[in-house]
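First comes the structure, then the notes that go with it.
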Amino acid sequence: MAATLILRKIFKTGFVSEPAPHADAALRTREQALHAEILKVFGQAVAIRHVDAGSCNGCELEIHAVNGPHYNIDGMGVKFAASPRHADVLLVTGPVSRNMEASLKRAYDAMPEPRWVVAMGECACSGGMFGESYASCGKVANVIPVDVEIPGCPPTPVALLQGILAAVSAGRPHAAG
């Protein structure tokens with residue numbers, strides 16, 4: 001009986017999810033440019049270590065989207081690393097909570113040179129609505145040097161791709177210390 005009610009509700013409601021994004025020819029060109037730039041700079045795939053420094057997880061949803069089959073970031077030579085010791089890029093989301101300050105510094109210090117830091121989302125770039133307080137250090141740049149900021153709440157997967165391209169295309173990353 002309950003299953004019948006659930007099925008009726010499903011058929012009555014219909015599809016509520018949004019359609020998949022349309023194919024973008026310009027995105028394919030950006031993908032090829034990103035892959036060529038990665039190979040030029042590293043000679044191999046680039047590894048990203050993501051650190052959630054206190055975000056609402058909106059940016060993480062976009063990271064999952066860019067890691068999916070539609071954007072195929074893996075096919076462009078961009079991989080996610082489980083350890084900062086194996087990463088070239090540190091991708092930080094959220095305002096840096098006081099509880100994450102030391103961990104973020106340790107992750108940054110553990111990365112080998114050359115290294116890039118990308119602040120993703122309004123909170124990581126400016127502190128967002130949280131700013132600086134007893135519980136928040138504010139933006140990522142208040143704790144570690146940032147090479148590229150990707151504003152937005154949350155930024156789109158295409159903006160994330162452009163930010164990664166900007167990071168690996170940057171002249172010289174910040175030196176340690």
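Letters A, B, ... go to the chains of the structure tokens in the order shown; residues in each chain start at 1; ligands are counted from 1 in the same order.
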Would you please extract all helix (DSSP H, G or I) residues from chain A, as assigned by DSSP on the backbone, and give them as a VMD selection string? chain A and resid 2 to 13 25 to 42 58 to 66 73 to 76 84 to 86 101 to 110 122 to 126 140 to 142 157 to 169
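Atom CA of Leu161 of chain A is found 20.4 Å from atom CA of Ala53 of chain A.
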Going by DSSP on the backbone, which residues of segment 35-174 of chain A come out as strand (DSSP E)? List them as a VMD selection string. chain A and resid 46 to 52 78 to 80 89 to 93 96 to 97 116 to 120 136 to 138 148 to 150
Given the selection you just returned, output its residues as a file containing C-alpha atoms, formatted as a PDB file, in the first residue's frame.
```
ATOM      1  CA  VAL A  46      48.933  17.778 -12.418  1.00  0.00           C
ATOM      2  CA  ALA A  47      47.796  16.633  -8.977  1.00  0.00           C
ATOM      3  CA  ILE A  48      45.366  18.671  -6.882  1.00  0.00           C
ATOM      4  CA  ARG A  49      44.893  18.356  -3.136  1.00  0.00           C
ATOM      5  CA  HIS A  50      41.555  19.763  -2.024  1.00  0.00           C
ATOM      6  CA  VAL A  51      41.183  21.168   1.492  1.00  0.00           C
ATOM      7  CA  ASP A  52      37.789  22.145   2.861  1.00  0.00           C
ATOM      8  CA  VAL A  78      44.210  16.801 -13.786  1.00  0.00           C
ATOM      9  CA  LYS A  79      44.063  14.297 -10.935  1.00  0.00           C
ATOM     10  CA  PHE A  80      43.078  14.635  -7.292  1.00  0.00           C
ATOM     11  CA  VAL A  89      48.021  22.519  -6.584  1.00  0.00           C
ATOM     12  CA  LEU A  90      46.276  23.131  -3.267  1.00  0.00           C
ATOM     13  CA  LEU A  91      42.584  23.866  -3.880  1.00  0.00           C
ATOM     14  CA  VAL A  92      41.030  25.497  -0.806  1.00  0.00           C
ATOM     15  CA  THR A  93      37.305  26.083  -0.268  1.00  0.00           C
ATOM     16  CA  VAL A  96      39.487  29.284   7.058  1.00  0.00           C
ATOM     17  CA  SER A  97      38.010  28.325  10.399  1.00  0.00           C
ATOM     18  CA  TRP A 116      50.215  26.679  -6.467  1.00  0.00           C
ATOM     19  CA  VAL A 117      47.322  27.654  -4.213  1.00  0.00           C
ATOM     20  CA  VAL A 118      43.846  28.207  -5.641  1.00  0.00           C
ATOM     21  CA  ALA A 119      41.150  29.795  -3.443  1.00  0.00           C
ATOM     22  CA  MET A 120      37.753  28.636  -4.718  1.00  0.00           C
ATOM     23  CA  SER A 136      37.145  32.418  11.361  1.00  0.00           C
ATOM     24  CA  CYS A 137      40.480  33.613   9.965  1.00  0.00           C
ATOM     25  CA  GLY A 138      38.570  34.875   6.923  1.00  0.00           C
ATOM     26  CA  VAL A 148      44.642  32.300  -8.067  1.00  0.00           C
ATOM     27  CA  GLU A 149      41.218  33.277  -6.732  1.00  0.00           C
ATOM     28  CA  ILE A 150      38.032  31.892  -8.280  1.00  0.00           C
TER      29      ILE A 150
END
```
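Those residues that approach Thr156 of chain A to within 10 Å, counting only C-alpha atoms, are Cys59, Leu61, Glu62, Ile63, Ala65, Val66, Gly121, Ile150 and Gln162 of chain A; same-chain residues fewer than 6 positions away are not listed.
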With C-alpha atoms retained, export the selected residues as a PDB file, in the first residue's frame.
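again.pdb written:
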```pdb
ATOM      1  CA  CYS A  59      32.002  24.508  -3.869  1.00  0.00           C
ATOM      2  CA  LEU A  61      29.474  20.015  -5.331  1.00  0.00           C
ATOM      3  CA  GLU A  62      31.036  21.921  -8.232  1.00  0.00           C
ATOM      4  CA  ILE A  63      34.337  20.089  -7.727  1.00  0.00           C
ATOM      5  CA  ALA A  65      30.748  18.067 -11.146  1.00  0.00           C
ATOM      6  CA  VAL A  66      34.049  19.006 -12.794  1.00  0.00           C
ATOM      7  CA  GLY A 121      34.529  30.435  -3.858  1.00  0.00           C
ATOM      8  CA  ILE A 150      38.032  31.892  -8.280  1.00  0.00           C
ATOM      9  CA  GLN A 162      39.775  28.387 -15.966  1.00  0.00           C
TER      10      GLN A 162
END
```
